[in-house]
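Notes to accompany the following structure.
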2 protein chains.
Amino acid sequence: MSEFLDKAAEKYHPGLSVDCVIFGFHENELKVLLLKMKHTSKWALPGGFVEKNEHIDLAAIRVLENRTGLKDIFLKQFYTFGDPDRHDHEMDLELFKQSGRDPVKDHWFLQRFITMGYYALIEFSKASPRPDDISDACEWKSVDELPDMILDHREIADKALDTLRFQINYQPIGHKLLPVKFTMPELQRLYETILGKELDRRNFQRKMLAYGILKDLGERRKGGAHKAPYLYSFDVKKYNAALKIGLKGSW
Amino acid sequence: MSEFLDKAAEKYHPGLSVDCVIFGFHENELKVLLLKMKHTSKWALPGGFVEKNEHIDLAAIRVLENRTGLKDIFLKQFYTFGDPDRHDHEMDLELFKQSGRDPVKDHWFLQRFITMGYYALIEFSKASPRPDDISDACEWKSVDELPDMILDHREIADKALDTLRFQINYQPIGHKLLPVKFTMPELQRLYETILGKELDRRNFQRKMLAYGILKDLGERRKGGAHKAPYLYSFDVKKYNAALKIGLKGSW
DNA sequence: ACAAAAGTGTTAGGCTTACACCCATGC
DNA sequence: GCATGGGTGTAAGCCTAACACTTTTGT
């Protein structure tokens, strides 16, 4: 950490960061990957800084890969947060203390920061969450029960979810968040958690099939209680074509 | 300009700017306010820098007010452009030359810049466009015939229009772009230019009236050729309430 | 057998689409 | 009067919303 503070000023673009809202879907819940900050009870979005000559999207990809161990992650920039009061001077000083140094006036790290929000959609089971230098845990938290978060990270997470909801007919939500094979009820739960409301089972199924973006695999998911549901997978070509003009219909 | 370059480094946040896509509606065309750069034939979006302790939204508002003479402008941040290659070193050096100084290595102005795009909706007739220090003209250009623009400004303008189109059912497009009193055909032309396609006159009218967001003023617009159309104005309260959940319907 | 989950079907009503007809105005 | 733009109306078809019935599976 101490070394990082020394080199940061020459390596990174000043006063600029990226924060990632990483969505995953597990046990019928939409979840976000959060880091628990060392020495506090607060949580944070995975984030990082932008190198001086680096594309901002790449900075986000770096963060994503480091926290999840995944490559080729689907991500979208959704908003830039630039309130001058969004830093927490107390916290900054605390971090300096922990690194065993005195806070230097006008240090790169102590200035005002503007952060660019990205959201990512990943397949839950494939990720291997790992904490970074300043955190001691990395966990999935349900969007319905987000813990206390540092700075404006709660606002960032909320805005990401709003954006996801707004773009639901234009982004490959299902394809990126679900495993290759999935059942219709699973897809429905996903839509329900994103939209935050219940949908009619039968109408949902008819509508989804009408889009023509699903392939019926003919198999059934065995093992569960009750009647075994069919397995589907996305016809990626048709799915993407349909998303371009937007899936029709209001939810 | 020379003085600006001297003071910029201490006044402004490094490597960060805002660019505004200002939309206006006039003579049945959707237009964007552009600046013609001095000593070149290229055009640019009105833009500016972010002061060290200024909210990024305020920086955009400053730009807007300076270029249009208007206050209380409707504006939305829509995307941040962070390609490291988005600067134009040639142009930077030219600006230095024109200010009568030698380009200093590592000067504030010569570093890589990240820009935050905002779009604004204003009532055409109320604006008083005026150029800034580095431009010698300020004109409205139709979105259908945008001239050559510097850097990635064309991309920024296009993305703004895409966003506007995407959000058409959720933003007070009509209320902000049209004068207080307007006719149904005028409102339709506005929708048509934003959407980039023709709409059926009769269906448009029925749908708009069904929303219940218009007040029929009972008057007619006299003077024009042909039958005099009725004048309407927005019922702002109902309009805003309707926008919150989104105007229903696909265009 | 029973509860719970999943597959399939039906119908009324609303919205979209595609039209036809009449009115007003300037040339 | 005629071309053009504007106001009003109607019918077919599609989509949505609401709801009933049957099938499968573990207990």
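Residues are named by chain letter and number: chains run A, B, ... in the order of the structure tokens, numbers start at 1 in each chain, and ligands are numbered from 1 in the order shown.
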12 Å contact set for Leu110 of chain A, only C-alpha atoms (C1' of nucleotides), chain neighbours under 3 positions out, as a ChimeraX atom specification: /A:5,8-9,14-16,87-96,102-107,113
Contacts of segment 80-82 of chain A at 10 Å (only C-alpha atoms (C1' of nucleotides); same-chain gap of 4+ positions) as a count of residues only: 30
Proximity of chain A to chain D: per-residue shortest pair, 7 Å limit, only C-alpha atoms (C1' of nucleotides), as a tab-separated table:
residue	atom	partner	partner_atom	distance
A:Ala225	CA	D:DG26	C1'	5.8
A:His226	CA	D:DT25	C1'	3.9
A:Lys227	CA	D:DT24	C1'	4.2
Save the residues we just selected, N, CA, C and O atoms, as a CSV table (one decimal), in the first residue's frame?
chain,number,residue,atom,x,y,z
A,225,ALA,N,-37.3,-31.3,-6.7
A,225,ALA,CA,-38.6,-31.8,-6.3
A,225,ALA,C,-39.6,-31.4,-7.4
A,225,ALA,O,-39.3,-30.6,-8.3
A,226,HIS,N,-40.7,-32.0,-7.4
A,226,HIS,CA,-41.8,-31.6,-8.3
A,226,HIS,C,-41.4,-31.9,-9.8
A,226,HIS,O,-40.4,-32.5,-10.1
A,227,LYS,N,-42.3,-31.5,-10.6
A,227,LYS,CA,-42.2,-31.8,-12.0
A,227,LYS,C,-40.9,-31.2,-12.6
A,227,LYS,O,-40.5,-30.0,-12.4
Who sits within 10 Å of Asp136 of chain A, only C-alpha atoms (C1' of nucleotides), same chain under 3 positions skipped, as an NGL selection string: :A and (35-40 or 130-133)
Test item: residues at most 8 Å from segment 176-193 of chain B, only C-alpha atoms (C1' of nucleotides), excluding those fewer than 2 positions along its chain, as a ChimeraX atom specification: /B:23-25,28-30,74,121-125,172-174,195-199,201,204-205,221,229-234
Determine which residues of segment 64-159 of chain B receive a DSSP assignment of strand (DSSP E), computed from the backbone, and state them as a PDB file with all heavy atoms, in the first residue's frame.
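Output file states33.pdb follows:
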ATOM      1  N   PHE B  74     -32.324  22.353 -19.079  1.00  0.00           N
ATOM      2  CA  PHE B  74     -32.472  20.916 -18.840  1.00  0.00           C
ATOM      3  C   PHE B  74     -31.271  20.188 -19.419  1.00  0.00           C
ATOM      4  O   PHE B  74     -31.003  20.287 -20.620  1.00  0.00           O
ATOM      5  CB  PHE B  74     -33.745  20.411 -19.515  1.00  0.00           C
ATOM      6  CG  PHE B  74     -33.931  18.934 -19.416  1.00  0.00           C
ATOM      7  CD1 PHE B  74     -34.604  18.383 -18.328  1.00  0.00           C
ATOM      8  CD2 PHE B  74     -33.445  18.086 -20.388  1.00  0.00           C
ATOM      9  CE1 PHE B  74     -34.785  17.016 -18.219  1.00  0.00           C
ATOM     10  CE2 PHE B  74     -33.614  16.710 -20.281  1.00  0.00           C
ATOM     11  CZ  PHE B  74     -34.280  16.184 -19.198  1.00  0.00           C
ATOM     12  N   LEU B  75     -30.540  19.489 -18.586  1.00  0.00           N
ATOM     13  CA  LEU B  75     -29.430  18.720 -19.148  1.00  0.00           C
ATOM     14  C   LEU B  75     -29.207  17.406 -18.403  1.00  0.00           C
ATOM     15  O   LEU B  75     -29.554  17.269 -17.235  1.00  0.00           O
ATOM     16  CB  LEU B  75     -28.146  19.529 -19.199  1.00  0.00           C
ATOM     17  CG  LEU B  75     -27.182  19.504 -18.032  1.00  0.00           C
ATOM     18  CD1 LEU B  75     -25.833  19.992 -18.466  1.00  0.00           C
ATOM     19  CD2 LEU B  75     -27.709  20.362 -16.920  1.00  0.00           C
ATOM     20  N   LYS B  76     -28.657  16.449 -19.143  1.00  0.00           N
ATOM     21  CA  LYS B  76     -28.412  15.116 -18.617  1.00  0.00           C
ATOM     22  C   LYS B  76     -27.038  14.652 -19.058  1.00  0.00           C
ATOM     23  O   LYS B  76     -26.674  14.788 -20.227  1.00  0.00           O
ATOM     24  CB  LYS B  76     -29.439  14.126 -19.195  1.00  0.00           C
ATOM     25  CG  LYS B  76     -30.841  14.318 -18.695  1.00  0.00           C
ATOM     26  CD  LYS B  76     -31.090  13.513 -17.436  1.00  0.00           C
ATOM     27  CE  LYS B  76     -32.430  13.903 -16.823  1.00  0.00           C
ATOM     28  NZ  LYS B  76     -32.654  13.256 -15.532  1.00  0.00           N
ATOM     29  N   GLN B  77     -26.322  14.083 -18.115  1.00  0.00           N
ATOM     30  CA  GLN B  77     -25.062  13.449 -18.473  1.00  0.00           C
ATOM     31  C   GLN B  77     -25.405  12.141 -19.182  1.00  0.00           C
ATOM     32  O   GLN B  77     -26.333  11.439 -18.778  1.00  0.00           O
ATOM     33  CB  GLN B  77     -24.286  13.151 -17.192  1.00  0.00           C
ATOM     34  CG  GLN B  77     -22.918  12.560 -17.455  1.00  0.00           C
ATOM     35  CD  GLN B  77     -22.401  11.750 -16.302  1.00  0.00           C
ATOM     36  OE1 GLN B  77     -22.350  12.225 -15.176  1.00  0.00           O
ATOM     37  NE2 GLN B  77     -22.012  10.521 -16.553  1.00  0.00           N
ATOM     38  N   PHE B  78     -24.725  11.828 -20.273  1.00  0.00           N
ATOM     39  CA  PHE B  78     -25.095  10.589 -20.958  1.00  0.00           C
ATOM     40  C   PHE B  78     -23.957   9.606 -21.181  1.00  0.00           C
ATOM     41  O   PHE B  78     -24.195   8.406 -21.303  1.00  0.00           O
ATOM     42  CB  PHE B  78     -25.798  10.882 -22.292  1.00  0.00           C
ATOM     43  CG  PHE B  78     -24.932  11.552 -23.325  1.00  0.00           C
ATOM     44  CD1 PHE B  78     -24.241  10.796 -24.250  1.00  0.00           C
ATOM     45  CD2 PHE B  78     -24.831  12.921 -23.362  1.00  0.00           C
ATOM     46  CE1 PHE B  78     -23.435  11.400 -25.202  1.00  0.00           C
ATOM     47  CE2 PHE B  78     -24.031  13.553 -24.307  1.00  0.00           C
ATOM     48  CZ  PHE B  78     -23.332  12.786 -25.230  1.00  0.00           C
ATOM     49  N   TYR B  79     -22.718  10.066 -21.223  1.00  0.00           N
ATOM     50  CA  TYR B  79     -21.617   9.109 -21.409  1.00  0.00           C
ATOM     51  C   TYR B  79     -20.279   9.806 -21.204  1.00  0.00           C
ATOM     52  O   TYR B  79     -20.160  11.018 -21.412  1.00  0.00           O
ATOM     53  CB  TYR B  79     -21.663   8.490 -22.810  1.00  0.00           C
ATOM     54  CG  TYR B  79     -20.927   7.181 -22.921  1.00  0.00           C
ATOM     55  CD1 TYR B  79     -21.441   6.033 -22.351  1.00  0.00           C
ATOM     56  CD2 TYR B  79     -19.703   7.103 -23.586  1.00  0.00           C
ATOM     57  CE1 TYR B  79     -20.764   4.823 -22.435  1.00  0.00           C
ATOM     58  CE2 TYR B  79     -19.016   5.897 -23.692  1.00  0.00           C
ATOM     59  CZ  TYR B  79     -19.566   4.763 -23.110  1.00  0.00           C
ATOM     60  OH  TYR B  79     -18.893   3.563 -23.192  1.00  0.00           O
ATOM     61  N   THR B  80     -19.298   9.024 -20.809  1.00  0.00           N
ATOM     62  CA  THR B  80     -17.951   9.568 -20.641  1.00  0.00           C
ATOM     63  C   THR B  80     -17.015   8.911 -21.646  1.00  0.00           C
ATOM     64  O   THR B  80     -16.997   7.686 -21.764  1.00  0.00           O
ATOM     65  CB  THR B  80     -17.457   9.336 -19.203  1.00  0.00           C
ATOM     66  OG1 THR B  80     -18.296  10.059 -18.307  1.00  0.00           O
ATOM     67  CG2 THR B  80     -16.023   9.797 -19.037  1.00  0.00           C
ATOM     68  N   PHE B  81     -16.295   9.734 -22.365  1.00  0.00           N
ATOM     69  CA  PHE B  81     -15.443   9.250 -23.449  1.00  0.00           C
ATOM     70  C   PHE B  81     -13.991   9.241 -22.993  1.00  0.00           C
ATOM     71  O   PHE B  81     -13.404  10.289 -22.719  1.00  0.00           O
ATOM     72  CB  PHE B  81     -15.639  10.135 -24.684  1.00  0.00           C
ATOM     73  CG  PHE B  81     -17.067  10.110 -25.179  1.00  0.00           C
ATOM     74  CD1 PHE B  81     -18.040  10.922 -24.596  1.00  0.00           C
ATOM     75  CD2 PHE B  81     -17.440   9.241 -26.187  1.00  0.00           C
ATOM     76  CE1 PHE B  81     -19.366  10.874 -25.025  1.00  0.00           C
ATOM     77  CE2 PHE B  81     -18.763   9.193 -26.630  1.00  0.00           C
ATOM     78  CZ  PHE B  81     -19.720  10.011 -26.042  1.00  0.00           C
ATOM     79  N   ILE B 114     -10.068  13.189 -20.735  1.00  0.00           N
ATOM     80  CA  ILE B 114     -11.285  12.376 -20.692  1.00  0.00           C
ATOM     81  C   ILE B 114     -12.443  13.357 -20.643  1.00  0.00           C
ATOM     82  O   ILE B 114     -12.396  14.335 -19.904  1.00  0.00           O
ATOM     83  CB  ILE B 114     -11.267  11.464 -19.452  1.00  0.00           C
ATOM     84  CG1 ILE B 114     -10.295  10.315 -19.687  1.00  0.00           C
ATOM     85  CG2 ILE B 114     -12.652  10.958 -19.116  1.00  0.00           C
ATOM     86  CD1 ILE B 114      -9.819   9.644 -18.446  1.00  0.00           C
ATOM     87  N   THR B 115     -13.449  13.111 -21.450  1.00  0.00           N
ATOM     88  CA  THR B 115     -14.536  14.098 -21.476  1.00  0.00           C
ATOM     89  C   THR B 115     -15.872  13.474 -21.157  1.00  0.00           C
ATOM     90  O   THR B 115     -16.173  12.343 -21.567  1.00  0.00           O
ATOM     91  CB  THR B 115     -14.601  14.826 -22.835  1.00  0.00           C
ATOM     92  OG1 THR B 115     -15.328  16.042 -22.652  1.00  0.00           O
ATOM     93  CG2 THR B 115     -15.311  13.993 -23.903  1.00  0.00           C
ATOM     94  N   MET B 116     -16.666  14.223 -20.399  1.00  0.00           N
ATOM     95  CA  MET B 116     -17.991  13.738 -20.015  1.00  0.00           C
ATOM     96  C   MET B 116     -19.031  14.411 -20.889  1.00  0.00           C
ATOM     97  O   MET B 116     -19.104  15.641 -20.950  1.00  0.00           O
ATOM     98  CB  MET B 116     -18.225  14.035 -18.539  1.00  0.00           C
ATOM     99  CG  MET B 116     -17.219  13.279 -17.665  1.00  0.00           C
ATOM    100  SD  MET B 116     -17.195  13.807 -15.956  1.00  0.00           S
ATOM    101  CE  MET B 116     -16.406  15.406 -16.133  1.00  0.00           C
ATOM    102  N   GLY B 117     -19.825  13.625 -21.563  1.00  0.00           N
ATOM    103  CA  GLY B 117     -20.827  14.152 -22.476  1.00  0.00           C
ATOM    104  C   GLY B 117     -22.130  14.466 -21.783  1.00  0.00           C
ATOM    105  O   GLY B 117     -22.641  13.652 -21.016  1.00  0.00           O
ATOM    106  N   TYR B 118     -22.667  15.651 -22.019  1.00  0.00           N
ATOM    107  CA  TYR B 118     -23.977  16.049 -21.522  1.00  0.00           C
ATOM    108  C   TYR B 118     -24.823  16.443 -22.726  1.00  0.00           C
ATOM    109  O   TYR B 118     -24.318  17.036 -23.670  1.00  0.00           O
ATOM    110  CB  TYR B 118     -23.872  17.264 -20.593  1.00  0.00           C
ATOM    111  CG  TYR B 118     -23.382  16.937 -19.201  1.00  0.00           C
ATOM    112  CD1 TYR B 118     -22.023  16.767 -18.943  1.00  0.00           C
ATOM    113  CD2 TYR B 118     -24.276  16.788 -18.142  1.00  0.00           C
ATOM    114  CE1 TYR B 118     -21.572  16.459 -17.663  1.00  0.00           C
ATOM    115  CE2 TYR B 118     -23.826  16.485 -16.863  1.00  0.00           C
ATOM    116  CZ  TYR B 118     -22.485  16.321 -16.627  1.00  0.00           C
ATOM    117  OH  TYR B 118     -22.037  16.019 -15.373  1.00  0.00           O
ATOM    118  N   TYR B 119     -26.114  16.137 -22.655  1.00  0.00           N
ATOM    119  CA  TYR B 119     -26.980  16.717 -23.675  1.00  0.00           C
ATOM    120  C   TYR B 119     -27.960  17.663 -23.004  1.00  0.00           C
ATOM    121  O   TYR B 119     -28.316  17.480 -21.840  1.00  0.00           O
ATOM    122  CB  TYR B 119     -27.704  15.650 -24.511  1.00  0.00           C
ATOM    123  CG  TYR B 119     -28.834  14.915 -23.844  1.00  0.00           C
ATOM    124  CD1 TYR B 119     -30.122  15.449 -23.801  1.00  0.00           C
ATOM    125  CD2 TYR B 119     -28.633  13.662 -23.284  1.00  0.00           C
ATOM    126  CE1 TYR B 119     -31.166  14.755 -23.206  1.00  0.00           C
ATOM    127  CE2 TYR B 119     -29.672  12.962 -22.683  1.00  0.00           C
ATOM    128  CZ  TYR B 119     -30.932  13.516 -22.643  1.00  0.00           C
ATOM    129  OH  TYR B 119     -31.969  12.837 -22.052  1.00  0.00           O
ATOM    130  N   ALA B 120     -28.338  18.698 -23.740  1.00  0.00           N
ATOM    131  CA  ALA B 120     -29.251  19.703 -23.203  1.00  0.00           C
ATOM    132  C   ALA B 120     -30.406  19.891 -24.168  1.00  0.00           C
ATOM    133  O   ALA B 120     -30.246  19.755 -25.380  1.00  0.00           O
ATOM    134  CB  ALA B 120     -28.519  21.023 -22.995  1.00  0.00           C
ATOM    135  N   LEU B 121     -31.564  20.171 -23.606  1.00  0.00           N
ATOM    136  CA  LEU B 121     -32.736  20.451 -24.436  1.00  0.00           C
ATOM    137  C   LEU B 121     -33.156  21.893 -24.153  1.00  0.00           C
ATOM    138  O   LEU B 121     -33.464  22.236 -23.019  1.00  0.00           O
ATOM    139  CB  LEU B 121     -33.887  19.509 -24.075  1.00  0.00           C
ATOM    140  CG  LEU B 121     -33.592  18.016 -24.145  1.00  0.00           C
ATOM    141  CD1 LEU B 121     -34.809  17.208 -23.724  1.00  0.00           C
ATOM    142  CD2 LEU B 121     -33.150  17.620 -25.547  1.00  0.00           C
ATOM    143  N   SER B 135     -13.308  30.043 -30.644  1.00  0.00           N
ATOM    144  CA  SER B 135     -14.138  29.863 -31.826  1.00  0.00           C
ATOM    145  C   SER B 135     -14.544  31.214 -32.393  1.00  0.00           C
ATOM    146  O   SER B 135     -14.578  32.214 -31.677  1.00  0.00           O
ATOM    147  CB  SER B 135     -15.377  29.038 -31.470  1.00  0.00           C
ATOM    148  OG  SER B 135     -16.091  29.659 -30.427  1.00  0.00           O
ATOM    149  N   ASP B 136     -14.846  31.235 -33.682  1.00  0.00           N
ATOM    150  CA  ASP B 136     -15.241  32.508 -34.270  1.00  0.00           C
ATOM    151  C   ASP B 136     -16.675  32.495 -34.804  1.00  0.00           C
ATOM    152  O   ASP B 136     -17.100  33.430 -35.461  1.00  0.00           O
ATOM    153  CB  ASP B 136     -14.256  32.958 -35.359  1.00  0.00           C
ATOM    154  CG  ASP B 136     -13.998  31.874 -36.383  1.00  0.00           C
ATOM    155  OD1 ASP B 136     -14.847  30.976 -36.511  1.00  0.00           O
ATOM    156  OD2 ASP B 136     -12.952  31.920 -37.037  1.00  0.00           O
ATOM    157  N   ALA B 137     -17.402  31.437 -34.504  1.00  0.00           N
ATOM    158  CA  ALA B 137     -18.812  31.402 -34.861  1.00  0.00           C
ATOM    159  C   ALA B 137     -19.521  30.389 -33.987  1.00  0.00           C
ATOM    160  O   ALA B 137     -18.908  29.452 -33.467  1.00  0.00           O
ATOM    161  CB  ALA B 137     -18.985  31.036 -36.333  1.00  0.00           C
ATOM    162  N   CYS B 138     -20.811  30.592 -33.825  1.00  0.00           N
ATOM    163  CA  CYS B 138     -21.628  29.681 -33.021  1.00  0.00           C
ATOM    164  C   CYS B 138     -22.957  29.525 -33.747  1.00  0.00           C
ATOM    165  O   CYS B 138     -23.719  30.479 -33.828  1.00  0.00           O
ATOM    166  CB  CYS B 138     -21.824  30.282 -31.630  1.00  0.00           C
ATOM    167  SG  CYS B 138     -22.673  29.202 -30.464  1.00  0.00           S
ATOM    168  N   GLU B 139     -23.183  28.364 -34.299  1.00  0.00           N
ATOM    169  CA  GLU B 139     -24.366  28.193 -35.144  1.00  0.00           C
ATOM    170  C   GLU B 139     -25.103  26.892 -34.866  1.00  0.00           C
ATOM    171  O   GLU B 139     -24.525  25.910 -34.424  1.00  0.00           O
ATOM    172  CB  GLU B 139     -23.947  28.188 -36.628  1.00  0.00           C
ATOM    173  CG  GLU B 139     -23.493  29.524 -37.139  1.00  0.00           C
ATOM    174  CD  GLU B 139     -23.027  29.435 -38.592  1.00  0.00           C
ATOM    175  OE1 GLU B 139     -23.395  28.463 -39.282  1.00  0.00           O
ATOM    176  OE2 GLU B 139     -22.271  30.325 -39.016  1.00  0.00           O
ATOM    177  N   TRP B 140     -26.393  26.913 -35.218  1.00  0.00           N
ATOM    178  CA  TRP B 140     -27.208  25.713 -35.141  1.00  0.00           C
ATOM    179  C   TRP B 140     -27.016  24.899 -36.417  1.00  0.00           C
ATOM    180  O   TRP B 140     -27.099  25.445 -37.505  1.00  0.00           O
ATOM    181  CB  TRP B 140     -28.682  26.072 -35.008  1.00  0.00           C
ATOM    182  CG  TRP B 140     -29.048  26.682 -33.703  1.00  0.00           C
ATOM    183  CD1 TRP B 140     -29.214  28.013 -33.441  1.00  0.00           C
ATOM    184  CD2 TRP B 140     -29.303  25.996 -32.479  1.00  0.00           C
ATOM    185  NE1 TRP B 140     -29.569  28.196 -32.125  1.00  0.00           N
ATOM    186  CE2 TRP B 140     -29.628  26.969 -31.511  1.00  0.00           C
ATOM    187  CE3 TRP B 140     -29.291  24.649 -32.096  1.00  0.00           C
ATOM    188  CZ2 TRP B 140     -29.933  26.641 -30.191  1.00  0.00           C
ATOM    189  CZ3 TRP B 140     -29.600  24.326 -30.787  1.00  0.00           C
ATOM    190  CH2 TRP B 140     -29.918  25.316 -29.844  1.00  0.00           C
ATOM    191  N   LYS B 141     -26.779  23.608 -36.250  1.00  0.00           N
ATOM    192  CA  LYS B 141     -26.636  22.723 -37.410  1.00  0.00           C
ATOM    193  C   LYS B 141     -27.620  21.573 -37.296  1.00  0.00           C
ATOM    194  O   LYS B 141     -27.758  20.987 -36.207  1.00  0.00           O
ATOM    195  CB  LYS B 141     -25.212  22.150 -37.465  1.00  0.00           C
ATOM    196  CG  LYS B 141     -24.121  23.211 -37.640  1.00  0.00           C
ATOM    197  CD  LYS B 141     -24.102  23.741 -39.051  1.00  0.00           C
ATOM    198  CE  LYS B 141     -23.026  24.817 -39.212  1.00  0.00           C
ATOM    199  NZ  LYS B 141     -23.062  25.422 -40.559  1.00  0.00           N
ATOM    200  N   SER B 142     -28.260  21.260 -38.378  1.00  0.00           N
ATOM    201  CA  SER B 142     -29.210  20.152 -38.362  1.00  0.00           C
ATOM    202  C   SER B 142     -28.506  18.830 -38.064  1.00  0.00           C
ATOM    203  O   SER B 142     -27.411  18.574 -38.564  1.00  0.00           O
ATOM    204  CB  SER B 142     -29.922  20.066 -39.709  1.00  0.00           C
ATOM    205  OG  SER B 142     -30.589  18.830 -39.822  1.00  0.00           O
TER     206      SER B 142
END
Chain C residues near chain B (7 Å cut-off, only C-alpha atoms (C1' of nucleotides)) as a ChimeraX atom specification: /C:24-26
Export, as a tab-separated table (two decimals), in the first residue's frame, the selected residues with N, CA and C atoms (P, O5', C5', C4', C3', O3' and C1' of nucleotides).
chain	number	residue	atom	x	y	z
C	24	DA	P	-64.66	24.32	-41.77
C	24	DA	O5'	-63.25	24.93	-42.18
C	24	DA	C5'	-62.19	24.91	-41.23
C	24	DA	C4'	-60.93	25.38	-41.90
C	24	DA	C3'	-61.01	26.76	-42.54
C	24	DA	O3'	-59.92	27.50	-42.02
C	24	DA	C1'	-60.10	25.18	-44.05
C	25	DT	P	-59.91	29.08	-42.15
C	25	DT	O5'	-58.77	29.33	-43.23
C	25	DT	C5'	-57.48	28.76	-43.02
C	25	DT	C4'	-56.71	28.78	-44.32
C	25	DT	C3'	-56.85	30.07	-45.13
C	25	DT	O3'	-55.59	30.71	-45.15
C	25	DT	C1'	-56.94	28.14	-46.50
C	26	DG	P	-55.40	32.18	-45.74
C	26	DG	O5'	-54.47	31.90	-46.99
C	26	DG	C5'	-53.26	31.16	-46.81
C	26	DG	C4'	-52.67	30.80	-48.17
C	26	DG	C3'	-52.52	31.98	-49.13
C	26	DG	O3'	-51.30	31.82	-49.84
C	26	DG	C1'	-53.95	30.35	-50.09
Polymer residues at most 9 Å from Val63 of chain B, only C-alpha atoms (C1' of nucleotides), same-chain spacing of 4 or more positions, as a PyMOL selection string: chain B and resi 18-20+46-49+58-59+67-68
Residues of segment 95-162 of chain A in alpha helix (DSSP H), written as a VMD selection string: chain A and resid 95 to 98 153 to 162
Point-to-point distance from atom CA of Gly246 of chain B to atom CA of Gln171 of chain B, Å rounded to tenths: 8.4 Å
Å distance separating atom CA of Gln167 of chain A from atom CA of Ala242 of chain A, one decimal place: 13.4 Å
